[in-house]
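Undergrad: Structure supplied as query.csv; contents: CSV, C-alpha atoms.
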```
chain,number,residue,atom,x,y,z
A,24,MET,CA,38.5,-52.9,-96.0
A,25,SER,CA,42.0,-51.4,-96.2
A,26,HIS,CA,44.9,-53.5,-95.1
A,27,VAL,CA,46.2,-53.0,-91.6
A,28,GLU,CA,49.0,-50.6,-91.4
A,29,GLU,CA,52.2,-52.0,-90.0
A,30,GLU,CA,53.2,-49.4,-87.4
A,31,SER,CA,55.0,-49.8,-84.1
A,32,GLY,CA,54.0,-47.9,-81.0
A,33,SER,CA,51.5,-48.2,-78.2
A,34,PHE,CA,48.4,-48.0,-80.3
A,35,VAL,CA,45.7,-50.5,-79.7
A,36,ARG,CA,45.7,-52.6,-82.8
A,37,SER,CA,42.0,-52.6,-83.2
A,38,TYR,CA,42.0,-48.9,-83.7
A,39,LEU,CA,44.5,-49.3,-86.5
A,40,LEU,CA,42.1,-51.6,-88.1
A,41,THR,CA,39.8,-48.8,-88.8
A,42,GLY,CA,42.7,-47.0,-90.4
A,43,GLY,CA,41.6,-43.6,-89.2
A,44,ARG,CA,39.0,-43.6,-91.9
A,45,THR,CA,36.4,-40.9,-91.9
A,46,ARG,CA,34.3,-42.6,-94.5
A,47,SER,CA,32.3,-45.8,-94.3
A,48,ASP,CA,29.5,-47.0,-96.6
A,49,ALA,CA,27.5,-48.5,-93.9
A,50,GLY,CA,27.1,-48.4,-90.2
A,51,ASP,CA,24.4,-46.7,-88.3
A,52,ILE,CA,23.8,-50.1,-86.9
A,53,ALA,CA,21.8,-50.5,-83.7
A,54,ILE,CA,23.8,-52.2,-80.9
A,55,GLU,CA,21.2,-54.9,-80.7
A,56,ALA,CA,21.2,-55.6,-84.4
A,57,MET,CA,22.3,-59.1,-85.1
A,58,VAL,CA,24.9,-59.8,-87.6
A,59,ALA,CA,25.4,-63.1,-89.6
A,60,VAL,CA,27.7,-64.3,-92.2
A,61,SER,CA,26.4,-63.9,-95.8
A,62,PRO,CA,25.7,-67.1,-97.6
A,63,ASP,CA,28.5,-68.2,-99.9
A,64,SER,CA,30.9,-65.6,-98.4
A,65,SER,CA,34.4,-66.6,-97.2
A,66,ALA,CA,36.4,-65.5,-94.2
A,67,PRO,CA,38.4,-62.3,-94.4
A,68,ARG,CA,42.2,-62.7,-94.4
A,69,ASP,CA,42.7,-60.3,-91.6
A,70,ILE,CA,42.8,-62.2,-88.3
A,71,ASP,CA,40.6,-59.7,-86.3
A,72,LEU,CA,38.0,-59.5,-89.1
A,73,ALA,CA,38.1,-63.3,-89.3
A,74,ARG,CA,37.3,-63.5,-85.6
A,75,ILE,CA,34.2,-61.4,-86.2
A,76,TYR,CA,33.3,-63.5,-89.2
A,77,ASP,CA,33.7,-66.8,-87.3
A,78,LEU,CA,31.7,-65.5,-84.4
A,79,CYS,CA,28.9,-64.6,-86.8
A,80,ALA,CA,28.5,-68.1,-88.0
A,81,GLU,CA,25.8,-67.9,-85.4
A,82,PRO,CA,24.0,-64.5,-85.4
A,83,ASN,CA,25.5,-62.2,-82.8
A,84,SER,CA,24.6,-58.6,-82.0
A,85,ILE,CA,26.9,-55.7,-82.4
A,86,ALA,CA,27.1,-55.5,-78.6
A,87,GLU,CA,28.0,-59.2,-78.4
A,88,ILE,CA,30.7,-58.8,-81.1
A,89,SER,CA,32.1,-55.9,-79.1
A,90,ALA,CA,32.1,-57.9,-75.9
A,91,LYS,CA,33.3,-61.2,-77.2
A,92,CYS,CA,36.0,-59.8,-79.4
A,93,SER,CA,37.1,-57.2,-76.8
A,94,LEU,CA,36.6,-54.4,-79.2
A,95,PRO,CA,35.2,-51.0,-78.2
A,96,LEU,CA,31.7,-50.6,-79.4
A,97,GLY,CA,32.5,-47.9,-81.9
A,98,VAL,CA,35.3,-50.0,-83.4
A,99,ALA,CA,33.2,-53.1,-83.6
A,100,ARG,CA,30.5,-51.2,-85.4
A,101,VAL,CA,32.8,-49.7,-88.0
A,102,LEU,CA,34.4,-53.1,-88.7
A,103,VAL,CA,31.0,-54.8,-89.0
A,104,ALA,CA,29.8,-52.0,-91.3
A,105,ASP,CA,32.8,-52.6,-93.5
A,106,LEU,CA,32.2,-56.3,-93.7
A,107,TRP,CA,28.6,-55.6,-94.4
A,108,GLY,CA,29.6,-53.1,-97.1
A,109,ALA,CA,31.8,-55.8,-98.7
A,110,GLY,CA,28.9,-58.3,-98.6
A,111,THR,CA,30.7,-60.6,-96.2
A,112,LEU,CA,28.2,-60.1,-93.3
A,113,GLU,CA,24.5,-59.5,-93.2
A,114,ILE,CA,22.8,-57.2,-90.7
A,115,LEU,CA,19.6,-58.6,-89.6
A,116,GLU,CA,16.3,-56.8,-88.9
A,117,THR,CA,15.7,-55.0,-85.6
A,118,THR,CA,12.2,-54.4,-84.4
A,119,ARG,CA,10.6,-51.0,-84.6
A,120,SER,CA,9.9,-49.6,-81.1
A,121,ASP,CA,6.2,-49.3,-82.0
A,122,ASP,CA,5.7,-52.9,-83.2
A,123,ILE,CA,2.8,-54.1,-81.2
A,124,ALA,CA,2.9,-57.6,-82.6
A,125,ILE,CA,6.5,-58.1,-81.5
A,126,VAL,CA,5.8,-56.8,-78.0
A,127,ARG,CA,2.9,-59.3,-77.7
A,128,ARG,CA,5.2,-62.1,-78.8
A,129,LEU,CA,7.9,-61.0,-76.3
A,130,LEU,CA,5.3,-60.9,-73.6
A,131,ASP,CA,3.8,-64.3,-74.4
A,132,GLY,CA,7.3,-65.9,-74.7
A,133,ILE,CA,8.6,-64.5,-71.4
A,134,GLN,CA,5.5,-65.2,-69.5
A,135,LYS,CA,5.9,-68.8,-70.3
A,136,ARG,CA,9.2,-69.0,-68.5
B,71,MET,CA,28.6,-73.5,-94.1
B,72,ALA,CA,24.9,-73.8,-93.4
B,73,SER,CA,22.4,-74.2,-96.2
B,74,LYS,CA,20.2,-71.4,-97.3
B,75,SER,CA,17.1,-72.8,-95.5
B,76,ASP,CA,19.1,-73.2,-92.3
B,77,ASN,CA,20.3,-69.6,-92.7
B,78,THR,CA,16.7,-68.4,-92.9
B,79,ALA,CA,15.6,-70.3,-89.9
B,80,ALA,CA,18.5,-69.0,-87.8
B,81,ARG,CA,18.1,-65.3,-88.7
B,82,PRO,CA,16.2,-63.9,-85.8
B,83,VAL,CA,14.8,-60.4,-85.3
B,84,SER,CA,16.1,-58.6,-82.3
B,85,ALA,CA,14.6,-56.1,-79.9
B,86,LYS,CA,15.8,-54.4,-76.8
B,87,VAL,CA,14.7,-53.0,-73.5
B,88,VAL,CA,16.8,-50.9,-71.1
B,89,VAL,CA,17.5,-51.2,-67.4
B,90,SER,CA,18.4,-47.9,-65.9
B,91,GLY,CA,18.6,-46.1,-62.5
B,92,GLY,CA,21.3,-44.6,-60.3
B,93,PHE,CA,24.7,-46.0,-59.3
B,94,GLY,CA,24.6,-49.3,-57.4
B,95,VAL,CA,20.9,-49.7,-57.7
B,96,GLY,CA,21.1,-53.3,-59.0
B,97,LYS,CA,21.1,-52.8,-62.8
B,98,THR,CA,23.7,-55.5,-63.5
B,99,THR,CA,22.2,-57.8,-60.9
B,100,PHE,CA,18.8,-57.5,-62.7
B,101,VAL,CA,20.4,-58.1,-66.1
B,102,SER,CA,22.0,-61.2,-64.9
B,103,ALA,CA,18.8,-62.4,-63.2
B,104,VAL,CA,16.8,-62.3,-66.4
B,105,SER,CA,19.5,-63.2,-68.9
B,106,GLU,CA,20.0,-66.7,-70.3
B,107,ILE,CA,23.7,-66.0,-70.8
B,108,ALA,CA,26.2,-64.7,-68.3
B,109,PRO,CA,26.0,-60.9,-68.7
B,110,LEU,CA,28.4,-59.5,-71.2
B,111,ARG,CA,30.2,-56.2,-70.9
B,112,THR,CA,31.0,-53.9,-73.8
B,113,GLU,CA,33.0,-50.7,-73.5
B,114,ALA,CA,33.3,-47.4,-75.3
B,115,LYS,CA,35.6,-44.5,-74.9
B,116,MET,CA,34.2,-41.3,-73.5
B,117,THR,CA,36.2,-38.5,-74.9
B,118,SER,CA,36.7,-35.1,-73.2
B,119,ALA,CA,34.0,-33.6,-75.5
B,120,ALA,CA,31.5,-36.1,-74.1
B,121,THR,CA,32.5,-36.1,-70.4
B,122,GLY,CA,30.4,-33.2,-69.4
B,123,VAL,CA,30.1,-33.2,-65.6
B,124,ASP,CA,31.8,-36.5,-65.2
B,125,ASP,CA,35.0,-37.4,-63.6
B,126,ALA,CA,37.5,-36.5,-66.3
B,127,THR,CA,37.1,-32.8,-65.6
B,128,PHE,CA,39.5,-32.6,-62.7
B,129,VAL,CA,42.1,-35.0,-64.0
B,130,GLN,CA,44.7,-33.2,-66.0
B,131,GLN,CA,45.6,-34.6,-69.4
B,132,LYS,CA,43.0,-37.3,-69.0
B,133,THR,CA,41.4,-37.2,-72.4
B,134,SER,CA,39.2,-40.3,-72.2
B,135,THR,CA,37.4,-42.5,-69.8
B,136,THR,CA,36.1,-45.9,-70.5
B,137,VAL,CA,32.4,-46.4,-70.0
B,138,ALA,CA,31.1,-49.9,-69.7
B,139,MET,CA,27.7,-51.3,-70.1
B,140,ASP,CA,26.4,-54.7,-69.2
B,141,PHE,CA,23.8,-56.6,-71.1
B,142,GLY,CA,22.0,-59.9,-71.3
B,143,LYS,CA,20.0,-61.8,-73.8
B,144,ILE,CA,16.7,-63.8,-73.8
B,145,THR,CA,15.9,-66.0,-76.8
B,146,VAL,CA,12.1,-65.7,-76.9
B,147,ASP,CA,11.6,-68.1,-79.8
B,148,GLU,CA,13.5,-69.3,-82.8
B,149,GLY,CA,13.0,-66.0,-84.6
B,150,LEU,CA,13.0,-63.4,-81.8
B,151,VAL,CA,15.7,-62.3,-79.4
B,152,LEU,CA,15.4,-59.7,-76.6
B,153,TYR,CA,18.4,-57.9,-75.4
B,154,VAL,CA,18.4,-56.2,-72.0
B,155,PHE,CA,20.9,-53.4,-71.7
B,156,GLY,CA,21.9,-51.7,-68.5
B,157,THR,CA,22.8,-48.0,-68.8
B,158,PRO,CA,26.4,-47.2,-67.7
B,159,GLY,CA,26.8,-45.7,-64.3
B,160,GLN,CA,29.4,-43.3,-65.5
B,161,ASP,CA,28.6,-41.6,-68.8
B,162,ARG,CA,25.4,-40.2,-67.4
B,163,PHE,CA,24.1,-38.3,-70.4
B,164,GLY,CA,26.5,-39.4,-73.1
B,165,PHE,CA,26.4,-41.0,-76.4
B,166,MET,CA,26.1,-44.5,-75.0
B,167,TRP,CA,22.8,-43.6,-73.6
B,168,ASN,CA,21.6,-42.6,-77.0
B,169,ASP,CA,23.0,-45.9,-78.4
B,170,ILE,CA,21.2,-47.9,-75.8
B,171,THR,CA,17.9,-46.0,-76.1
B,172,ALA,CA,17.6,-45.6,-79.8
B,173,GLY,CA,14.9,-48.1,-80.9
B,174,ALA,CA,14.4,-49.4,-77.4
B,175,LEU,CA,10.9,-50.7,-76.7
B,176,GLY,CA,10.9,-49.4,-73.1
B,177,ALA,CA,12.8,-49.1,-69.9
B,178,LEU,CA,12.8,-50.3,-66.3
B,179,ILE,CA,14.1,-47.7,-63.9
B,180,LEU,CA,15.3,-49.3,-60.8
B,181,VAL,CA,15.1,-47.3,-57.6
B,182,ASP,CA,16.7,-47.6,-54.2
B,183,THR,CA,14.1,-46.0,-51.9
B,184,ARG,CA,16.9,-44.8,-49.6
B,185,ARG,CA,18.4,-42.8,-52.5
B,186,LEU,CA,15.5,-41.6,-54.5
B,187,ASP,CA,17.3,-38.7,-56.1
B,188,GLU,CA,19.6,-41.1,-57.9
B,189,CYS,CA,16.9,-42.0,-60.4
B,190,PHE,CA,15.8,-38.4,-61.3
B,191,ASN,CA,18.1,-38.2,-64.3
B,192,ALA,CA,17.0,-41.5,-65.7
B,193,ILE,CA,13.3,-40.5,-65.3
B,194,ASP,CA,13.9,-37.2,-67.1
B,195,PHE,CA,15.8,-39.0,-69.9
B,196,PHE,CA,13.1,-41.5,-70.7
B,197,GLU,CA,10.2,-39.1,-70.2
B,198,SER,CA,11.7,-36.5,-72.5
B,199,ARG,CA,12.2,-39.2,-75.2
B,200,ASP,CA,8.7,-40.7,-74.9
B,201,VAL,CA,10.1,-44.1,-74.1
B,202,PRO,CA,7.6,-46.1,-72.0
B,203,PHE,CA,9.0,-47.0,-68.6
B,204,ILE,CA,8.1,-48.5,-65.3
B,205,ILE,CA,9.6,-48.0,-61.9
B,206,GLY,CA,11.0,-51.0,-60.0
B,207,LEU,CA,11.6,-50.4,-56.3
B,208,ASN,CA,14.5,-52.7,-55.7
B,209,GLN,CA,14.6,-54.6,-52.4
B,210,PHE,CA,17.7,-54.1,-50.3
B,211,ASP,CA,18.2,-55.9,-47.0
B,212,GLY,CA,17.4,-53.6,-44.1
B,213,ALA,CA,15.8,-50.9,-46.3
B,214,PRO,CA,12.3,-49.8,-45.3
B,215,GLU,CA,9.4,-50.6,-47.6
B,216,HIS,CA,7.6,-47.6,-48.7
B,217,ASP,CA,4.1,-47.2,-50.1
B,218,PRO,CA,4.5,-47.0,-53.9
B,219,GLU,CA,2.0,-44.2,-54.0
B,220,LEU,CA,4.2,-42.1,-51.7
B,221,ILE,CA,7.1,-42.8,-54.1
B,222,ARG,CA,4.9,-41.7,-57.0
B,223,GLU,CA,4.3,-38.4,-55.3
B,224,ALA,CA,8.0,-38.0,-54.4
B,225,LEU,CA,9.0,-38.7,-58.0
B,226,ASP,CA,6.2,-36.6,-59.4
B,227,LEU,CA,5.1,-39.4,-61.7
B,228,SER,CA,1.8,-39.6,-63.5
B,229,ASP,CA,-0.6,-42.4,-62.6
B,230,ALA,CA,0.1,-44.0,-66.0
B,231,VAL,CA,3.6,-45.1,-64.9
B,232,PRO,CA,3.5,-48.4,-63.0
B,233,ILE,CA,5.5,-48.6,-59.8
B,234,MET,CA,6.2,-52.0,-58.4
B,235,ARG,CA,8.4,-53.7,-55.9
B,236,THR,CA,11.1,-56.0,-57.4
B,237,ASP,CA,14.1,-58.0,-56.3
B,238,ALA,CA,16.9,-58.0,-58.8
B,239,ARG,CA,18.5,-60.9,-57.0
B,240,THR,CA,15.7,-63.2,-57.6
B,241,PRO,CA,15.2,-64.4,-61.2
B,242,ASP,CA,11.5,-65.2,-60.9
B,243,THR,CA,10.8,-61.7,-59.4
B,244,ALA,CA,13.0,-60.0,-62.0
B,245,LEU,CA,11.2,-61.9,-64.8
B,246,ASP,CA,7.9,-60.8,-63.4
B,247,THR,CA,9.1,-57.2,-63.5
B,248,LEU,CA,10.2,-57.7,-67.1
B,249,VAL,CA,6.7,-59.0,-67.9
B,250,ALA,CA,5.2,-55.9,-66.2
B,251,LEU,CA,7.4,-53.7,-68.3
B,252,LEU,CA,6.4,-55.5,-71.6
B,253,SER,CA,2.7,-55.2,-70.5
B,254,HIS,CA,3.1,-51.5,-69.9
B,255,ILE,CA,4.8,-51.1,-73.3
B,256,LEU,CA,1.9,-53.0,-74.9
B,257,GLU,CA,-0.6,-50.7,-73.2
B,258,SER,CA,1.3,-47.6,-74.2
B,259,LEU,CA,1.5,-48.7,-77.9
B,260,SER,CA,-2.2,-49.7,-77.9
B,261,ALA,CA,-3.2,-46.4,-76.5
B,262,ALA,CA,-1.1,-44.5,-79.0
B,263,ALA,CA,-2.5,-46.6,-81.9
B,264,ALA,CA,-6.0,-45.9,-80.7
B,265,ALA,CA,-5.3,-42.2,-80.4
B,266,SER,CA,-4.0,-41.9,-84.0
B,267,PRO,CA,-6.4,-43.9,-86.3
B,268,THR,CA,-4.3,-43.7,-89.4
B,269,PRO,CA,-0.7,-44.5,-88.3
B,270,ALA,CA,1.8,-45.1,-91.0
B,271,PRO,CA,4.6,-46.7,-89.1
B,272,ASP,CA,6.1,-48.3,-92.2
B,273,SER,CA,7.2,-44.9,-93.5
B,274,ARG,CA,9.3,-44.3,-90.4
B,275,GLU,CA,12.8,-45.1,-89.5
B,276,PRO,CA,14.1,-45.6,-93.0
B,277,ASP,CA,17.6,-45.9,-91.7
B,278,ARG,CA,16.7,-49.2,-90.2
B,279,GLU,CA,16.5,-50.7,-93.7
B,280,ALA,CA,19.8,-49.4,-95.0
B,281,PRO,CA,22.2,-48.4,-92.3
B,282,VAL,CA,24.2,-45.4,-93.0
B,283,VAL,CA,26.8,-44.0,-90.6
B,284,SER,CA,25.6,-40.8,-89.0
B,285,ASP,CA,28.0,-37.9,-88.7
B,286,ALA,CA,27.6,-37.9,-84.9
B,287,GLN,CA,28.3,-41.6,-84.7
B,288,ARG,CA,31.3,-41.4,-87.0
B,289,SER,CA,32.7,-38.4,-85.1
B,290,ALA,CA,32.3,-40.3,-81.9
B,291,ALA,CA,34.2,-43.3,-83.2
B,292,MET,CA,36.8,-41.0,-84.7
B,293,SER,CA,37.2,-39.1,-81.4
B,294,ALA,CA,37.7,-42.4,-79.7
B,295,LEU,CA,40.4,-43.3,-82.1
B,296,ALA,CA,42.0,-39.9,-81.7
B,297,ALA,CA,41.8,-40.1,-77.9
B,298,GLU,CA,43.5,-43.5,-78.0
B,299,ARG,CA,46.3,-42.2,-80.0
B,300,GLY,CA,46.8,-39.0,-78.1
```
Before anything else, please render the file you have as structure tokens.
TA:
Amino acid sequence: MSHVEEESGSFVRSYLLTGGRTRSDAGDIAIEAMVAVSPDSSAPRDIDLARIYDLCAEPNSIAEISAKCSLPLGVARVLVADLWGAGTLEILETTRSDDIAIVRRLLDGIQKR
Amino acid sequence: MASKSDNTAARPVSAKVVVSGGFGVGKTTFVSAVSEIAPLRTEAKMTSAATGVDDATFVQQKTSTTVAMDFGKITVDEGLVLYVFGTPGQDRFGFMWNDITAGALGALILVDTRRLDECFNAIDFFESRDVPFIIGLNQFDGAPEHDPELIREALDLSDAVPIMRTDARTPDTALDTLVALLSHILESLSAAAAASPTPAPDSREPDREAPVVSDAQRSAAMSALAAERG
């Protein structure tokens, strides 16, 4: 992750965080994909990245990270992708849309409510 | 920091379903009825390239519009979480719909029987992508109750698509509707599995294993950045 450019103006800071990069090593991440801190990792220095890191002490989805950190979805995704690329965060498994066993489990679980 | 075994236990798999339908049809109400958390809202910038027929067309110099989507969450068991995403009312055909739909198990399309035409786009969208869906006729005070079979005819839906009455304001009813959706998804998947005796699902969706930024996604993010600066 590149450092945050110090620049004055009316830019939203979170956009600066992505540094206008056109390259990322990771990131076609589903919005429902959960993200968790990697074992033995430490919090990033940057305060915004550290917020994401702290939030992911409990697994949170990309959508939740976006909502809870007030980051636009695309920005949250790029930042998480970077932290994933750096080994700081892990991206957990999402289900395949044709996974019958998972649908059965969902059905059983929700019917019990 | 949690121990490794704790980490393993607390690393659930996630799935999602979609709640769609026209403007003001009760999507957010439904999400909030089934969700165990207060619904969350996430936003994205819709740039001029993505606005299409939407409202930015007639506003000079307006280069982006914020689209918001609401979602909720159900922890099914220790290792499985279901997210329920509402499609944004604005961005009718835009990239957020693709984000929401990619990998979705299925969709509930809510319908206000007084404004049937509002759901046509959603039906077309999910039909064309082969996403299993059901129709929920949302109850509104003072609205007449129609025979679901008449609605089926009006919407030109096949017999395979379940149509049921629901009430997004009532958690029990909303959960029943979610159960109906999951049952329909299960039936659809079982039918598909029976139709193709040698499925090889494991060879599909390799991108799920090792996420890579797609060009479209990156350009959408970068357009958002550019729009914010412009």
Undergrad: Residues at most 9 Å from Ala250 (chain B), counting all atoms listed in the file, excluding those fewer than 4 positions away in the same chain, as a tab-separated table (two decimals) with C-alpha atoms, in the coordinates of the input?
TA:
```
chain	number	residue	atom	x	y	z
A	130	LEU	CA	5.30	-60.90	-73.60
B	204	ILE	CA	8.10	-48.50	-65.30
B	232	PRO	CA	3.50	-48.40	-63.00
B	234	MET	CA	6.20	-52.00	-58.40
B	245	LEU	CA	11.20	-61.90	-64.80
B	246	ASP	CA	7.90	-60.80	-63.40
B	254	HIS	CA	3.10	-51.50	-69.90
B	255	ILE	CA	4.80	-51.10	-73.30
```
Undergrad: Using only C-alpha atoms, can you tell me which of B:Arg185, B:Lys143, B:Arg222, B:Arg199 comes closest to Trp167 (chain B)?
TA: B:Arg199
Undergrad: Any idea what's packed within 12 Å of Lys135 (chain A), counting only C-alpha atoms, ignoring anything in its chain fewer than 3 positions away? Could you give it as JSON, numbers by chain?
TA: {"A": [128, 129, 130, 131, 132], "B": [146, 147, 242, 245, 246, 249]}
Undergrad: Take CA of Leu72 (chain A) and CA of Leu152 (chain B) and report the distance between them in Å, one decimal.
TA: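 According to the coordinates, CA of Leu72 (chain A) and CA of Leu152 (chain B) are separated by 25.8 Å.
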Undergrad: Which residues of chain A are close to chain B, meaning at most 6 Å apart when you count only C-alpha atoms, and how do they look as a ChimeraX atom specification?
TA: /A:49-52,89-90,95-97,116-118,120,130,132
Undergrad: Suppose you want the space between CA of Asn208 (chain B) and CA of Arg235 (chain B); what is it in Å?
TA: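 These atoms are spaced 6.2 Å apart.
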Undergrad: Could you jot down the CA of Leu115 (chain A) to CA of Ala56 (chain A) separation for me, Å, one decimal place?
TA: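 These atoms are spaced 6.2 Å apart.
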Undergrad: Can you work out which one of B:Gly164, B:Gly156, B:Pro202, B:Gly149 has the shortest atom-to-atom distance to Gly91 (chain B), counting all atoms listed in the file?
TA: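 Of B:Gly164, B:Gly156, B:Pro202, B:Gly149, the one nearest Gly91 (chain B) is B:Gly156, counting all atoms listed in the file.
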Undergrad: Restricting the calculation to all atoms listed in the file: of B:Val89, B:Val181, B:Ala108, B:Ala265, which residue gets closest to Glu215 (chain B)?
TA: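 When distances to Glu215 (chain B) are compared using all atoms listed in the file, the smallest one comes from B:Val181.
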Undergrad: Please identify all polymer residues lying at most 8 Å from the point (27.5, -59.6, -85.4) (file coordinates), using all atoms listed in the file, and present the result as a compact mmCIF listing (two decimals) with C-alpha atoms, in the frame of the given file.
TA:
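Result saved to part_10.txt:
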```txt
# COMPACT_ATOMS: atom_id res chain seq x y z
CA ALA A 56 21.20 -55.60 -84.40
CA MET A 57 22.30 -59.10 -85.10
CA VAL A 58 24.90 -59.80 -87.60
CA ALA A 59 25.40 -63.10 -89.60
CA ILE A 75 34.20 -61.40 -86.20
CA TYR A 76 33.30 -63.50 -89.20
CA LEU A 78 31.70 -65.50 -84.40
CA CYS A 79 28.90 -64.60 -86.80
CA PRO A 82 24.00 -64.50 -85.40
CA ASN A 83 25.50 -62.20 -82.80
CA SER A 84 24.60 -58.60 -82.00
CA ILE A 85 26.90 -55.70 -82.40
CA ALA A 86 27.10 -55.50 -78.60
CA GLU A 87 28.00 -59.20 -78.40
CA ILE A 88 30.70 -58.80 -81.10
CA VAL A 103 31.00 -54.80 -89.00
CA LEU A 112 28.20 -60.10 -93.30
CA ILE A 114 22.80 -57.20 -90.70
```
Undergrad: Residues at most 12 Å from Asp194 (chain B), counting all atoms listed in the file, excluding those fewer than 6 positions away in the same chain, as a list of chain:residue names?
TA: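 Residues meeting the cut-off are B:Ser90, B:Gly91, B:Arg162, B:Phe163, B:Ile179, B:Asp187, B:Glu188, B:Asp200, B:Val201, B:Pro202, B:Phe203, B:Leu225, B:Asp226, B:Leu227.
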Undergrad: Starting from the sparse input, extend region 105-117 of chain A to N, CA and C atoms and give the output as a compact mmCIF listing (two decimals), keeping the file's coordinate frame.
TA:
```
# COMPACT_ATOMS: atom_id res chain seq x y z
N ASP A 105 31.95 -52.30 -92.38
CA ASP A 105 32.80 -52.60 -93.50
C ASP A 105 32.55 -53.93 -94.13
N LEU A 106 32.46 -54.92 -93.24
CA LEU A 106 32.20 -56.30 -93.70
C LEU A 106 30.83 -56.40 -94.34
N TRP A 107 29.91 -55.60 -93.82
CA TRP A 107 28.60 -55.60 -94.40
C TRP A 107 28.64 -54.92 -95.80
N GLY A 108 29.41 -53.83 -95.87
CA GLY A 108 29.60 -53.10 -97.10
C GLY A 108 30.19 -54.02 -98.20
N ALA A 109 31.07 -54.90 -97.75
CA ALA A 109 31.80 -55.80 -98.70
C ALA A 109 30.92 -57.04 -99.01
N GLY A 110 29.77 -57.13 -98.37
CA GLY A 110 28.90 -58.30 -98.60
C GLY A 110 29.27 -59.53 -97.88
N THR A 111 30.20 -59.40 -96.95
CA THR A 111 30.70 -60.60 -96.20
C THR A 111 29.72 -60.91 -95.05
N LEU A 112 29.16 -59.88 -94.44
CA LEU A 112 28.20 -60.10 -93.30
C LEU A 112 26.88 -59.48 -93.69
N GLU A 113 25.85 -60.02 -93.08
CA GLU A 113 24.50 -59.50 -93.20
C GLU A 113 24.07 -58.88 -91.87
N ILE A 114 23.37 -57.77 -91.95
CA ILE A 114 22.80 -57.20 -90.70
C ILE A 114 21.34 -57.51 -90.70
N LEU A 115 20.93 -58.17 -89.64
CA LEU A 115 19.60 -58.60 -89.60
C LEU A 115 18.64 -57.55 -89.04
N GLU A 116 17.37 -57.82 -89.19
CA GLU A 116 16.30 -56.80 -88.90
C GLU A 116 16.25 -56.60 -87.36
N THR A 117 16.07 -55.34 -86.99
CA THR A 117 15.70 -55.00 -85.60
C THR A 117 14.25 -54.61 -85.59
```
